[in-house]
Every structure is written in C-alpha cells, then in structure tokens.
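Next up, coords04.pdb (PDB, C-alpha atoms):
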```
ATOM      1  CA  MET A   1     -12.470  30.672   9.859
ATOM      2  CA  VAL A   2     -11.618  26.997   9.763
ATOM      3  CA  GLU A   3     -10.965  25.311  13.085
ATOM      4  CA  TRP A   4      -8.064  22.877  13.059
ATOM      5  CA  THR A   5      -7.326  20.384  15.816
ATOM      6  CA  GLU A   6      -3.737  19.824  16.924
ATOM      7  CA  PHE A   7      -3.863  16.419  15.287
ATOM      8  CA  GLU A   8      -4.991  17.909  11.970
ATOM      9  CA  ARG A   9      -2.294  20.605  11.998
ATOM     10  CA  ALA A  10       0.435  18.119  12.875
ATOM     11  CA  THR A  11      -0.799  15.618  10.278
ATOM     12  CA  ILE A  12      -0.792  18.161   7.443
ATOM     13  CA  GLN A  13       2.668  19.484   8.334
ATOM     14  CA  ASP A  14       3.961  15.928   8.607
ATOM     15  CA  ILE A  15       2.547  14.735   5.290
ATOM     16  CA  PHE A  16       3.879  17.692   3.327
ATOM     17  CA  SER A  17       7.274  17.821   5.020
ATOM     18  CA  LYS A  18       7.861  14.222   3.972
ATOM     19  CA  MET A  19       6.231  14.460   0.563
ATOM     20  CA  ASN A  20       8.280  13.769  -2.536
ATOM     21  CA  TYR A  21       6.848  16.544  -4.700
ATOM     22  CA  ASP A  22       8.675  15.360  -7.794
ATOM     23  CA  VAL A  23       6.888  12.013  -7.636
ATOM     24  CA  VAL A  24       3.510  12.869  -6.160
ATOM     25  CA  GLY A  25       2.787  15.968  -8.284
ATOM     26  CA  PRO A  26       3.356  14.314 -11.672
ATOM     27  CA  GLN A  27       1.569  11.126 -10.616
ATOM     28  CA  ALA A  28      -1.477  12.970  -9.298
ATOM     29  CA  LEU A  29      -1.917  15.103 -12.411
ATOM     30  CA  ALA A  30      -1.255  12.182 -14.780
ATOM     31  CA  ARG A  31      -3.765  10.050 -12.882
ATOM     32  CA  CYS A  32      -6.346  12.845 -13.057
ATOM     33  CA  ILE A  33      -5.946  13.137 -16.826
ATOM     34  CA  ILE A  34      -6.164   9.348 -17.238
ATOM     35  CA  VAL A  35      -9.070   8.712 -14.854
ATOM     36  CA  TYR A  36     -11.044  11.803 -15.910
ATOM     37  CA  PRO A  37     -10.070  12.252 -19.557
ATOM     38  CA  TRP A  38     -12.262  15.315 -20.079
ATOM     39  CA  THR A  39      -9.747  17.266 -17.977
ATOM     40  CA  GLN A  40      -7.488  17.142 -21.032
ATOM     41  CA  ARG A  41      -9.428  20.152 -22.272
ATOM     42  CA  TYR A  42      -7.091  22.338 -20.213
ATOM     43  CA  PHE A  43      -3.906  20.887 -21.642
ATOM     44  CA  GLY A  44      -4.370  21.248 -25.394
ATOM     45  CA  ASN A  45      -0.737  22.211 -25.940
ATOM     46  CA  PHE A  46       0.778  19.394 -23.891
ATOM     47  CA  GLY A  47       1.400  17.151 -26.890
ATOM     48  CA  ASN A  48       0.857  13.412 -26.679
ATOM     49  CA  LEU A  49      -1.964  12.534 -24.260
ATOM     50  CA  TYR A  50      -3.341   9.652 -26.326
ATOM     51  CA  ASN A  51      -3.055   6.862 -23.794
ATOM     52  CA  ALA A  52      -2.075   6.161 -20.200
ATOM     53  CA  ALA A  53       1.557   5.389 -21.035
ATOM     54  CA  ALA A  54       1.927   8.603 -23.038
ATOM     55  CA  ILE A  55       0.360  10.653 -20.246
ATOM     56  CA  MET A  56       2.518   9.091 -17.531
ATOM     57  CA  GLY A  57       5.648   9.771 -19.622
ATOM     58  CA  ASN A  58       4.693  13.265 -20.777
ATOM     59  CA  PRO A  59       7.273  15.797 -19.495
ATOM     60  CA  MET A  60       4.828  18.721 -19.620
ATOM     61  CA  VAL A  61       2.361  16.812 -17.442
ATOM     62  CA  ALA A  62       5.158  16.038 -15.005
ATOM     63  CA  ALA A  63       6.342  19.647 -14.878
ATOM     64  CA  HIS A  64       2.838  20.983 -14.394
ATOM     65  CA  GLY A  65       2.090  18.379 -11.743
ATOM     66  CA  LYS A  66       4.979  19.736  -9.693
ATOM     67  CA  VAL A  67       3.751  23.320 -10.128
ATOM     68  CA  VAL A  68       0.274  22.412  -8.922
ATOM     69  CA  LEU A  69       1.513  20.455  -5.927
ATOM     70  CA  HIS A  70       3.871  23.232  -4.859
ATOM     71  CA  GLY A  71       0.828  25.503  -5.086
ATOM     72  CA  LEU A  72      -0.474  23.645  -2.045
ATOM     73  CA  ASP A  73       2.540  24.839  -0.029
ATOM     74  CA  ARG A  74       0.888  28.203   0.468
ATOM     75  CA  ALA A  75      -1.999  26.564   2.257
ATOM     76  CA  VAL A  76       0.313  24.355   4.319
ATOM     77  CA  LYS A  77       2.128  27.491   5.528
ATOM     78  CA  ASN A  78      -1.053  29.548   6.058
ATOM     79  CA  MET A  79      -3.568  27.101   7.435
ATOM     80  CA  ASP A  80      -5.411  29.808   9.345
ATOM     81  CA  ASN A  81      -5.926  31.991   6.301
ATOM     82  CA  ILE A  82      -6.362  29.735   3.299
ATOM     83  CA  LYS A  83      -9.242  31.707   1.821
ATOM     84  CA  ALA A  84      -7.252  34.922   1.520
ATOM     85  CA  THR A  85      -4.090  33.072   0.510
ATOM     86  CA  TYR A  86      -5.767  31.702  -2.612
ATOM     87  CA  ALA A  87      -7.851  34.733  -3.633
ATOM     88  CA  GLU A  88      -5.494  35.634  -6.465
ATOM     89  CA  LEU A  89      -5.135  32.044  -7.683
ATOM     90  CA  SER A  90      -8.908  31.711  -7.603
ATOM     91  CA  VAL A  91      -9.296  34.706  -9.892
ATOM     92  CA  LEU A  92      -6.617  33.249 -12.184
ATOM     93  CA  HIS A  93      -8.369  29.854 -12.431
ATOM     94  CA  SER A  94     -11.699  31.541 -13.119
ATOM     95  CA  GLU A  95     -10.874  34.470 -15.369
ATOM     96  CA  LYS A  96      -7.802  33.310 -17.223
ATOM     97  CA  LEU A  97      -7.634  29.522 -17.096
ATOM     98  CA  HIS A  98     -11.420  28.969 -17.150
ATOM     99  CA  VAL A  99     -11.188  25.787 -15.093
ATOM    100  CA  ASP A 100     -14.484  24.195 -14.022
ATOM    101  CA  PRO A 101     -14.155  24.227 -10.208
ATOM    102  CA  ASP A 102     -15.560  20.702 -10.010
ATOM    103  CA  ASN A 103     -12.267  19.652 -11.564
ATOM    104  CA  PHE A 104     -10.430  20.730  -8.402
ATOM    105  CA  ARG A 105     -12.304  17.937  -6.651
ATOM    106  CA  LEU A 106     -11.325  15.430  -9.349
ATOM    107  CA  LEU A 107      -7.632  16.313  -9.022
ATOM    108  CA  ALA A 108      -7.959  16.241  -5.230
ATOM    109  CA  ASP A 109      -9.377  12.700  -5.329
ATOM    110  CA  CYS A 110      -6.473  11.547  -7.483
ATOM    111  CA  LEU A 111      -3.999  13.273  -5.157
ATOM    112  CA  THR A 112      -5.570  11.455  -2.209
ATOM    113  CA  VAL A 113      -5.190   8.108  -4.011
ATOM    114  CA  VAL A 114      -1.517   8.823  -4.847
ATOM    115  CA  VAL A 115      -0.705   9.949  -1.287
ATOM    116  CA  ALA A 116      -2.505   6.853   0.032
ATOM    117  CA  GLY A 117      -0.340   4.671  -2.187
ATOM    118  CA  GLN A 118       2.811   6.422  -0.987
ATOM    119  CA  LEU A 119       2.012   6.321   2.725
ATOM    120  CA  GLY A 120       0.421   2.869   2.827
ATOM    121  CA  SER A 121      -0.916   1.815   6.203
ATOM    122  CA  SER A 122       0.248   5.042   7.860
ATOM    123  CA  PHE A 123      -2.505   6.729   5.841
ATOM    124  CA  THR A 124      -4.986   5.750   8.534
ATOM    125  CA  PRO A 125      -8.664   6.749   8.360
ATOM    126  CA  GLU A 126      -7.905   9.614  10.780
ATOM    127  CA  VAL A 127      -4.979  10.844   8.672
ATOM    128  CA  GLN A 128      -7.157  10.526   5.564
ATOM    129  CA  ALA A 129      -9.858  12.640   7.241
ATOM    130  CA  ALA A 130      -7.363  15.388   8.118
ATOM    131  CA  PHE A 131      -5.880  15.356   4.621
ATOM    132  CA  GLN A 132      -9.263  15.463   2.905
ATOM    133  CA  LYS A 133     -10.449  18.279   5.184
ATOM    134  CA  PHE A 134      -7.346  20.313   4.296
ATOM    135  CA  ILE A 135      -7.834  19.684   0.581
ATOM    136  CA  ALA A 136     -11.525  20.575   0.831
ATOM    137  CA  VAL A 137     -10.649  23.939   2.372
ATOM    138  CA  VAL A 138      -8.169  24.612  -0.447
ATOM    139  CA  ILE A 139     -10.795  23.651  -3.047
ATOM    140  CA  SER A 140     -13.332  25.963  -1.456
ATOM    141  CA  ALA A 141     -10.834  28.841  -1.475
ATOM    142  CA  LEU A 142      -9.923  28.211  -5.104
ATOM    143  CA  GLY A 143     -13.569  28.343  -6.118
ATOM    144  CA  ARG A 144     -14.372  31.382  -4.016
ATOM    145  CA  GLN A 145     -13.767  34.122  -6.588
ATOM    146  CA  TYR A 146     -15.737  32.537  -9.424
ATOM    147  CA  HIS A 147     -18.746  34.571 -10.456
TER     148      HIS A 147
ATOM    149  CA  MET B 148     -19.485   6.327 -19.683
ATOM    150  CA  SER B 149     -20.103   2.649 -20.316
ATOM    151  CA  LEU B 150     -17.720  -0.186 -19.489
ATOM    152  CA  THR B 151     -15.587  -1.174 -22.459
ATOM    153  CA  ALA B 152     -14.215  -4.658 -22.975
ATOM    154  CA  LYS B 153     -10.839  -3.319 -21.854
ATOM    155  CA  ASP B 154     -12.338  -1.934 -18.618
ATOM    156  CA  LYS B 155     -13.961  -5.269 -17.829
ATOM    157  CA  ALA B 156     -10.699  -7.114 -18.474
ATOM    158  CA  PHE B 157      -8.762  -4.774 -16.168
ATOM    159  CA  VAL B 158     -11.382  -5.121 -13.413
ATOM    160  CA  LYS B 159     -11.497  -8.919 -13.655
ATOM    161  CA  ALA B 160      -7.699  -9.240 -13.658
ATOM    162  CA  PHE B 161      -7.282  -6.894 -10.700
ATOM    163  CA  TRP B 162     -10.073  -8.567  -8.725
ATOM    164  CA  GLY B 163      -8.298 -11.866  -9.238
ATOM    165  CA  LYS B 164      -5.272 -10.368  -7.477
ATOM    166  CA  ILE B 165      -7.202  -8.926  -4.539
ATOM    167  CA  SER B 166      -9.866 -11.595  -3.989
ATOM    168  CA  SER B 167      -8.064 -13.280  -1.098
ATOM    169  CA  LYS B 168      -8.157  -9.957   0.796
ATOM    170  CA  ALA B 169     -11.649  -8.929  -0.286
ATOM    171  CA  ASP B 170     -13.215  -9.126   3.181
ATOM    172  CA  ALA B 171     -10.468  -6.985   4.734
ATOM    173  CA  ILE B 172     -10.807  -4.451   1.930
ATOM    174  CA  GLY B 173     -14.531  -4.201   2.563
ATOM    175  CA  GLN B 174     -13.902  -3.741   6.266
ATOM    176  CA  GLU B 175     -11.248  -1.041   5.777
ATOM    177  CA  SER B 176     -13.266   0.814   3.103
ATOM    178  CA  LEU B 177     -16.281   0.983   5.377
ATOM    179  CA  ALA B 178     -14.167   2.083   8.361
ATOM    180  CA  ARG B 179     -12.578   4.852   6.305
ATOM    181  CA  MET B 180     -15.976   6.040   5.097
ATOM    182  CA  LEU B 181     -17.380   6.205   8.641
ATOM    183  CA  VAL B 182     -14.410   8.266   9.868
ATOM    184  CA  VAL B 183     -13.844  10.557   6.890
ATOM    185  CA  TYR B 184     -17.563  11.090   6.136
ATOM    186  CA  PRO B 185     -19.108  10.822   9.602
ATOM    187  CA  GLN B 186     -22.591  11.634   8.329
ATOM    188  CA  THR B 187     -22.700   8.099   6.871
ATOM    189  CA  LYS B 188     -23.044   6.746  10.405
ATOM    190  CA  ILE B 189     -26.724   7.688  10.302
ATOM    191  CA  TYR B 190     -27.407   4.541   8.336
ATOM    192  CA  PHE B 191     -26.125   2.365  11.175
ATOM    193  CA  PRO B 192     -27.825   3.839  14.253
ATOM    194  CA  ASP B 193     -27.771   0.570  16.218
ATOM    195  CA  TRP B 194     -24.038   0.005  15.965
ATOM    196  CA  THR B 195     -21.957   0.539  19.091
ATOM    197  CA  ASP B 196     -18.537   0.695  17.481
ATOM    198  CA  TYR B 197     -17.722   2.350  14.144
ATOM    199  CA  SER B 198     -13.972   1.803  14.237
ATOM    200  CA  LEU B 199     -11.815  -0.420  12.042
ATOM    201  CA  GLY B 200     -11.711  -3.096  14.729
ATOM    202  CA  SER B 201     -15.437  -3.218  15.258
ATOM    203  CA  PRO B 202     -17.057  -6.624  14.662
ATOM    204  CA  GLN B 203     -20.050  -4.778  13.182
ATOM    205  CA  VAL B 204     -17.848  -2.965  10.675
ATOM    206  CA  LYS B 205     -16.031  -6.208   9.869
ATOM    207  CA  LYS B 206     -19.245  -8.127   9.232
ATOM    208  CA  HIS B 207     -20.876  -5.432   7.155
ATOM    209  CA  GLY B 208     -17.701  -4.723   5.190
ATOM    210  CA  LYS B 209     -17.636  -8.388   4.224
ATOM    211  CA  THR B 210     -21.312  -8.328   3.200
ATOM    212  CA  VAL B 211     -20.826  -5.314   0.954
ATOM    213  CA  MET B 212     -17.568  -6.512  -0.579
ATOM    214  CA  THR B 213     -19.000  -9.976  -1.303
ATOM    215  CA  ALA B 214     -21.804  -8.324  -3.257
ATOM    216  CA  ILE B 215     -19.318  -6.139  -5.154
ATOM    217  CA  THR B 216     -17.157  -9.166  -6.013
ATOM    218  CA  ASP B 217     -20.309 -10.903  -7.185
ATOM    219  CA  ALA B 218     -21.054  -7.903  -9.411
ATOM    220  CA  VAL B 219     -17.634  -8.277 -11.103
ATOM    221  CA  GLY B 220     -19.099 -11.415 -12.665
ATOM    222  CA  LYS B 221     -22.205  -9.527 -13.777
ATOM    223  CA  MET B 222     -20.569  -6.630 -15.607
ATOM    224  CA  ASP B 223     -22.334  -7.504 -18.857
ATOM    225  CA  ASP B 224     -25.686  -6.685 -17.264
ATOM    226  CA  LEU B 225     -25.293  -4.817 -14.000
ATOM    227  CA  ILE B 226     -28.822  -3.387 -13.994
ATOM    228  CA  GLY B 227     -30.324  -6.842 -14.339
ATOM    229  CA  GLY B 228     -27.804  -8.434 -12.005
ATOM    230  CA  MET B 229     -28.289  -5.873  -9.231
ATOM    231  CA  SER B 230     -32.073  -5.704  -9.535
ATOM    232  CA  ALA B 231     -32.897  -7.456  -6.268
ATOM    233  CA  LEU B 232     -30.303  -5.446  -4.322
ATOM    234  CA  SER B 233     -31.558  -2.264  -5.918
ATOM    235  CA  ASP B 234     -35.068  -3.107  -4.734
ATOM    236  CA  ILE B 235     -34.062  -3.415  -1.083
ATOM    237  CA  HIS B 236     -31.787  -0.367  -1.164
ATOM    238  CA  ALA B 237     -34.681   1.623  -2.619
ATOM    239  CA  THR B 238     -37.517   0.395  -0.457
ATOM    240  CA  LYS B 239     -35.928  -0.833   2.758
ATOM    241  CA  PHE B 240     -32.556   0.840   3.368
ATOM    242  CA  ARG B 241     -33.331   4.028   1.433
ATOM    243  CA  ILE B 242     -29.688   4.989   1.289
ATOM    244  CA  ASP B 243     -29.221   8.306  -0.501
ATOM    245  CA  PRO B 244     -27.324   7.383  -3.694
ATOM    246  CA  VAL B 245     -24.734  10.110  -3.066
ATOM    247  CA  ASN B 246     -23.316   7.696  -0.497
ATOM    248  CA  PHE B 247     -22.521   5.073  -3.150
ATOM    249  CA  LYS B 248     -20.026   7.546  -4.566
ATOM    250  CA  ILE B 249     -18.596   8.181  -1.118
ATOM    251  CA  LEU B 250     -18.081   4.474  -0.403
ATOM    252  CA  SER B 251     -16.611   3.991  -3.898
ATOM    253  CA  HIS B 252     -14.018   6.703  -3.191
ATOM    254  CA  ASN B 253     -13.026   4.977   0.040
ATOM    255  CA  ILE B 254     -12.736   1.638  -1.759
ATOM    256  CA  LEU B 255     -10.310   3.265  -4.211
ATOM    257  CA  VAL B 256      -8.239   4.724  -1.347
ATOM    258  CA  THR B 257      -8.172   1.324   0.390
ATOM    259  CA  LEU B 258      -7.019  -0.358  -2.821
ATOM    260  CA  ALA B 259      -4.260   2.255  -3.252
ATOM    261  CA  VAL B 260      -3.080   1.720   0.334
ATOM    262  CA  ASN B 261      -3.015  -2.072   0.089
ATOM    263  CA  PHE B 262      -1.999  -2.660  -3.534
ATOM    264  CA  PRO B 263       0.162   0.358  -4.465
ATOM    265  CA  ALA B 264       1.979  -1.427  -7.280
ATOM    266  CA  ASP B 265      -1.061  -3.097  -8.838
ATOM    267  CA  PHE B 266      -3.455  -0.155  -8.517
ATOM    268  CA  THR B 267      -2.046   1.642 -11.553
ATOM    269  CA  ALA B 268      -3.782   4.582 -13.251
ATOM    270  CA  GLU B 269      -5.282   2.220 -15.847
ATOM    271  CA  VAL B 270      -6.666  -0.075 -13.182
ATOM    272  CA  HIS B 271      -7.893   2.986 -11.250
ATOM    273  CA  VAL B 272      -9.989   4.320 -14.141
ATOM    274  CA  ALA B 273     -11.441   0.867 -14.895
ATOM    275  CA  VAL B 274     -12.379   0.216 -11.260
ATOM    276  CA  ASP B 275     -13.764   3.751 -10.864
ATOM    277  CA  LYS B 276     -15.971   3.218 -13.924
ATOM    278  CA  PHE B 277     -17.082  -0.181 -12.638
ATOM    279  CA  LEU B 278     -18.028   1.208  -9.223
ATOM    280  CA  ALA B 279     -19.882   4.098 -10.883
ATOM    281  CA  ALA B 280     -21.837   1.701 -13.121
ATOM    282  CA  LEU B 281     -22.520  -0.503 -10.109
ATOM    283  CA  SER B 282     -23.771   2.506  -8.128
ATOM    284  CA  ALA B 283     -26.090   3.468 -10.968
ATOM    285  CA  ALA B 284     -27.438  -0.084 -11.129
ATOM    286  CA  LEU B 285     -27.971  -0.050  -7.359
ATOM    287  CA  ALA B 286     -29.939   3.194  -7.647
ATOM    288  CA  ASP B 287     -31.908   1.986 -10.660
ATOM    289  CA  LYS B 288     -35.103   1.126  -8.766
ATOM    290  CA  TYR B 289     -35.132   4.261  -6.621
ATOM    291  CA  ARG B 290     -37.729   6.080  -8.697
TER     292      ARG B 290
END
```

Written as structure tokens, how would this file's structure read?
Amino acid sequence: MVEWTEFERATIQDIFSKMNYDVVGPQALARCIIVYPWTQRYFGNFGNLYNAAAIMGNPMVAAHGKVVLHGLDRAVKNMDNIKATYAELSVLHSEKLHVDPDNFRLLADCLTVVVAGQLGSSFTPEVQAAFQKFIAVVISALGRQYH
Amino acid sequence: MSLTAKDKAFVKAFWGKISSKADAIGQESLARMLVVYPQTKIYFPDWTDYSLGSPQVKKHGKTVMTAITDAVGKMDDLIGGMSALSDIHATKFRIDPVNFKILSHNILVTLAVNFPADFTAEVHVAVDKFLAALSAALADKYR
C-alpha cells in the first residue's frame, strides 16, 4: 500500500479542489498530442489534428480531455486504494483501447506542465513532488492489468 | 526526431525572452530535480544544502543553464558543439544519461511556472526536442 504523508494528502486534495477541469483537461490532452504526436494513433476519429492550432481548437480533444481528467477524481477520493480503484480502467485501456502504458507517462508529464502553468510559484518543488508521486501511483495502477 | 528549422526558430525566439532570467531558471530547475527526484543528490555528495536557496544549487544551476544557453547557438551541430562537455560527463562525472531526461523535465516545469503565457504547446515541443537532442549530444561520448 502507498504511504502518504499529511502534506501529500492535503496537497492533492487542495490541487484538485481548486482545479478548473474544463481548462486543465483539454489543455493537457491537447499538449500531449502536440508534444508527442505519435499519441494521435488513439484518436483517429477526432477529425482535424493537423497542427497545433487545430488540436487546441478541436472540440473532441477538449471533451476527451475533460473525461480523462475527471477520471483522476477516483484516485483523489480513494488515495489509500488506487490500485483496486483503477483495476477496471486498466483492463479497458489494455484490452479495448490498446493504449501503450508508456503513454500514460507522456500525458502525465503534460498534465504536470499545465498544472505548473496554472499554479505558478505556488507549485513549489515540494508540491510538485507530491503531485508527481500521486500521478505515478495512478499510472502504475492503470498499467497493472496489462498482460 | 531531429530539430527542424521551425523548432530552432521557436527555441531561439523563446530563449531570447527568457535569457535575462536564465540563471534563476537553472537554479530552480536544479532545486526541483533534487526534491522531486531525490536520487539525483548522489551526484553532489559534498553539498550541504540542496534547497532552492542553497548557494551551491544557485552556482551549479547557473553553470548548467549557461551551457544550455550556449548550446542554443550550436543547434546546427550539437554533437560537435557539445563534444568537450560530453567527454567530461563520460569520463569524469559519469552521470547516468537517464538523469538528463529528468533535469530536462524539471526545466520544462520551471519554464511553465515562470512563463505561463509564452510557454505555449508549440514552444513546449520545440524546447523538449532541443533538450532531448542536447541530452543525446551530451551522452555521445559515453561508449
């Protein structure tokens, strides 16, 4: 089981309670598709992904970005049982969506950059460490059921 | 994943905007790396203070960032331009190249924190590619 300090728990609850999901979700996914263009392989039916402007303005990217970010809510609410919480989603990403689990890390890095931009100097190194630890646990849980 | 002319233009333009704060960016990037990836402290066993305010972190952050800024001017031949630095990283410092990626990530986070409007997705991909090419050039002499 993952051990969380009081600081880490408080930091994660704080970040997500203040997060503007409608901004952060779309921006994180759009940035992932722009910075790591091979991730477009999963979004063949999203229409125009030809350049950065198209991706940033694409409504399907925006909608899916919100879905993905809200998916993190489960972990925020179940920090002591993230592995079990994501078992079903892990199976889905492996068996149905066929997502390379390394891509979770790519999206996570883009999410970190977007959150950093939103929070500015309050995204201190210590806050960054707590956030990245949380995301790493989610990534591990999402990759757990691959075989 | 080589640097296109467009990538180089984005990197040069962005570096022009951030150059006055380069030292502070180096300092903050290093401080973030040491906190978020504590295993990286093993490369600085003599330091007494690994925090953002540490004079050791400040000095070394400046050293690293000065070299990176220098590399912006050498994007047409990074392997040649970084040859001497690659030699000492390979033979003297022996830093595992996985750590170049770790520091690069923390540079990106620092840029996002300090230049949220300028660090757009297009700048992000160009800088990420530049840092990756730079890391490869730095590791070139390793074996």

If you count only C-alpha atoms, which residues fall within 6 Å of B:Ser233, apart from same-chain ones fewer than 4 positions away, as a PyMOL selection string? chain B and resi 229+237+285-286+288

Any chance you could export the current selection's C-alpha atoms as a PDB file, in the frame of the given file?
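The resulting file, again02.pdb, is shown below:
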```pdb
ATOM      1  CA  MET B 229     -28.289  -5.873  -9.231  1.00  0.00           C
ATOM      2  CA  ALA B 237     -34.681   1.623  -2.619  1.00  0.00           C
ATOM      3  CA  LEU B 285     -27.971  -0.050  -7.359  1.00  0.00           C
ATOM      4  CA  ALA B 286     -29.939   3.194  -7.647  1.00  0.00           C
ATOM      5  CA  LYS B 288     -35.103   1.126  -8.766  1.00  0.00           C
TER       6      LYS B 288
END
```

With all atoms listed in the file considered, list every residue of chain A at most 6 Å from chain B, as number ranges by chain. A: 31, 35, 113, 116-117, 120, 125, 129

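Distances to A:Val61 were evaluated for A:Ala87, A:Ala30, A:Ile15, A:Val114 using only C-alpha atoms, and the minimum falls at A:Ala30.
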
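Straight-line separation from atom CA of B:Leu250 to atom CA of A:Tyr36: 18.5 Å.
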
Taking the file above as input, evaluate the PyMOL selection byres ((chain A and resi 101-106) around 8) and report the hits as an mmCIF file with C-alpha atoms, in the coordinates of the input.
```cif
data_model
loop_
_atom_site.group_PDB
_atom_site.id
_atom_site.type_symbol
_atom_site.label_atom_id
_atom_site.label_comp_id
_atom_site.auth_asym_id
_atom_site.auth_seq_id
_atom_site.Cartn_x
_atom_site.Cartn_y
_atom_site.Cartn_z
ATOM 1 C CA CYS A 32 -6.346 12.845 -13.057
ATOM 2 C CA TYR A 36 -11.044 11.803 -15.910
ATOM 3 C CA THR A 39 -9.747 17.266 -17.977
ATOM 4 C CA VAL A 99 -11.188 25.787 -15.093
ATOM 5 C CA ASP A 100 -14.484 24.195 -14.022
ATOM 6 C CA LEU A 107 -7.632 16.313 -9.022
ATOM 7 C CA ALA A 108 -7.959 16.241 -5.230
ATOM 8 C CA ASP A 109 -9.377 12.700 -5.329
ATOM 9 C CA CYS A 110 -6.473 11.547 -7.483
ATOM 10 C CA ALA A 136 -11.525 20.575 0.831
ATOM 11 C CA ILE A 139 -10.795 23.651 -3.047
ATOM 12 C CA LEU A 142 -9.923 28.211 -5.104
ATOM 13 C CA GLY A 143 -13.569 28.343 -6.118
#
```

A straight line from atom CA of A:Asn78 to atom CA of A:Met60 spans 28.5 Å

Any idea what's packed within 10 Å of A:Glu95, counting all atoms listed in the file, ignoring anything in its chain fewer than 5 positions away? Could you give it as a PyMOL selection string? chain A and resi 89-90+145-147

Write the selection just made, keeping C-alpha atoms, as a CSV table (one decimal), in the frame of the given file?
```
chain,number,residue,atom,x,y,z
A,89,LEU,CA,-5.1,32.0,-7.7
A,90,SER,CA,-8.9,31.7,-7.6
A,145,GLN,CA,-13.8,34.1,-6.6
A,146,TYR,CA,-15.7,32.5,-9.4
A,147,HIS,CA,-18.7,34.6,-10.5
```

Around stretch 118-130 of chain A, fit a box with edges along x, y and z, padding it by 3 Å on each side, then list its centre and edge lengths in Å to one decimal as JSON.
```
{"center_x": -3.5, "center_y": 8.6, "center_z": 4.9, "size_x": 18.7, "size_y": 19.6, "size_z": 17.8}
```

Reference answer for the PyMOL selection byres ((chain B and resi 243) around 12), as a ChimeraX atom specification: /B:186-187,189-190,236-242,244-250,282-283,285-286,289

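With all atoms listed in the file as the basis for measurement, B:Gln174 is the residue among B:Gln174, B:Thr195, B:Ser166, B:Ser149 that approaches B:Ile254 most closely.
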
What's around stretch 16-18 of chain A at 10 Å? Count all atoms listed in the file, leave out sequence neighbours fewer than 2 positions away in its own chain, and write the answer as a PyMOL selection string. chain A and resi 11-14+20-21+69-70+72-73+76+119

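Each of A:Asn81, A:Phe134, A:Ala141, A:Leu29 was compared to A:Ala52 using all atoms listed in the file, and A:Leu29 turns out to be the nearest.
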
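Of the listed residues A:Asn58, A:Gln27, A:Thr5, A:Thr85, the one whose atoms come nearest to A:Glu126 is A:Thr5, with distances taken using all atoms listed in the file.
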
Quick check, in Å to one decimal: how far apart do atom CA of A:Ser94 and atom CA of A:Tyr50 lie? 26.9 Å

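Look at B:Gly208: the protein and nucleic acid residues within 6 Å of it, using all atoms listed in the file and passing over chain neighbours fewer than 2 places away, are Gly173, Gln174, Leu177, Val204, Lys205, Lys206, Thr210 and Val211 of chain B.
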
Assuming the chain letters and numbering stay as they are in my file, what does the PyMOL selection byres ((chain B and resi 216) around 12) actually select? List them as a ChimeraX atom specification. /B:158-159,161-163,165-170,172-173,209-215,217-222,274,277-278,281

Missing atoms in stretch 137-142 of chain A: fill them in up to all heavy atoms and send the result as a compact mmCIF listing (two decimals), keeping the file's coordinate frame.
```txt
# COMPACT_ATOMS: atom_id res chain seq x y z
N VAL A 137 -10.75 22.51 2.09
CA VAL A 137 -10.65 23.94 2.37
C VAL A 137 -9.93 24.65 1.22
O VAL A 137 -10.35 25.73 0.78
CB VAL A 137 -9.91 24.18 3.72
CG1 VAL A 137 -9.65 25.66 3.93
CG2 VAL A 137 -10.72 23.61 4.87
N VAL A 138 -8.88 24.03 0.70
CA VAL A 138 -8.17 24.61 -0.45
C VAL A 138 -9.10 24.73 -1.64
O VAL A 138 -9.16 25.75 -2.31
CB VAL A 138 -6.93 23.76 -0.81
CG1 VAL A 138 -6.32 24.23 -2.13
CG2 VAL A 138 -5.89 23.82 0.29
N ILE A 139 -9.87 23.66 -1.91
CA ILE A 139 -10.80 23.65 -3.05
C ILE A 139 -11.82 24.76 -2.90
O ILE A 139 -12.15 25.47 -3.85
CB ILE A 139 -11.50 22.28 -3.15
CG1 ILE A 139 -10.51 21.23 -3.67
CG2 ILE A 139 -12.70 22.35 -4.08
CD1 ILE A 139 -11.07 19.81 -3.63
N SER A 140 -12.34 24.92 -1.70
CA SER A 140 -13.33 25.96 -1.46
C SER A 140 -12.73 27.34 -1.73
O SER A 140 -13.36 28.19 -2.38
CB SER A 140 -13.83 25.85 -0.01
OG SER A 140 -14.60 26.96 0.32
N ALA A 141 -11.50 27.55 -1.27
CA ALA A 141 -10.83 28.84 -1.48
C ALA A 141 -10.57 29.10 -2.96
O ALA A 141 -10.75 30.22 -3.45
CB ALA A 141 -9.52 28.88 -0.70
N LEU A 142 -10.21 28.06 -3.68
CA LEU A 142 -9.92 28.21 -5.10
C LEU A 142 -11.19 28.51 -5.91
O LEU A 142 -11.13 29.11 -6.98
CB LEU A 142 -9.27 26.95 -5.67
CG LEU A 142 -7.75 26.90 -5.59
CD1 LEU A 142 -7.25 25.56 -6.12
CD2 LEU A 142 -7.11 28.03 -6.37
```
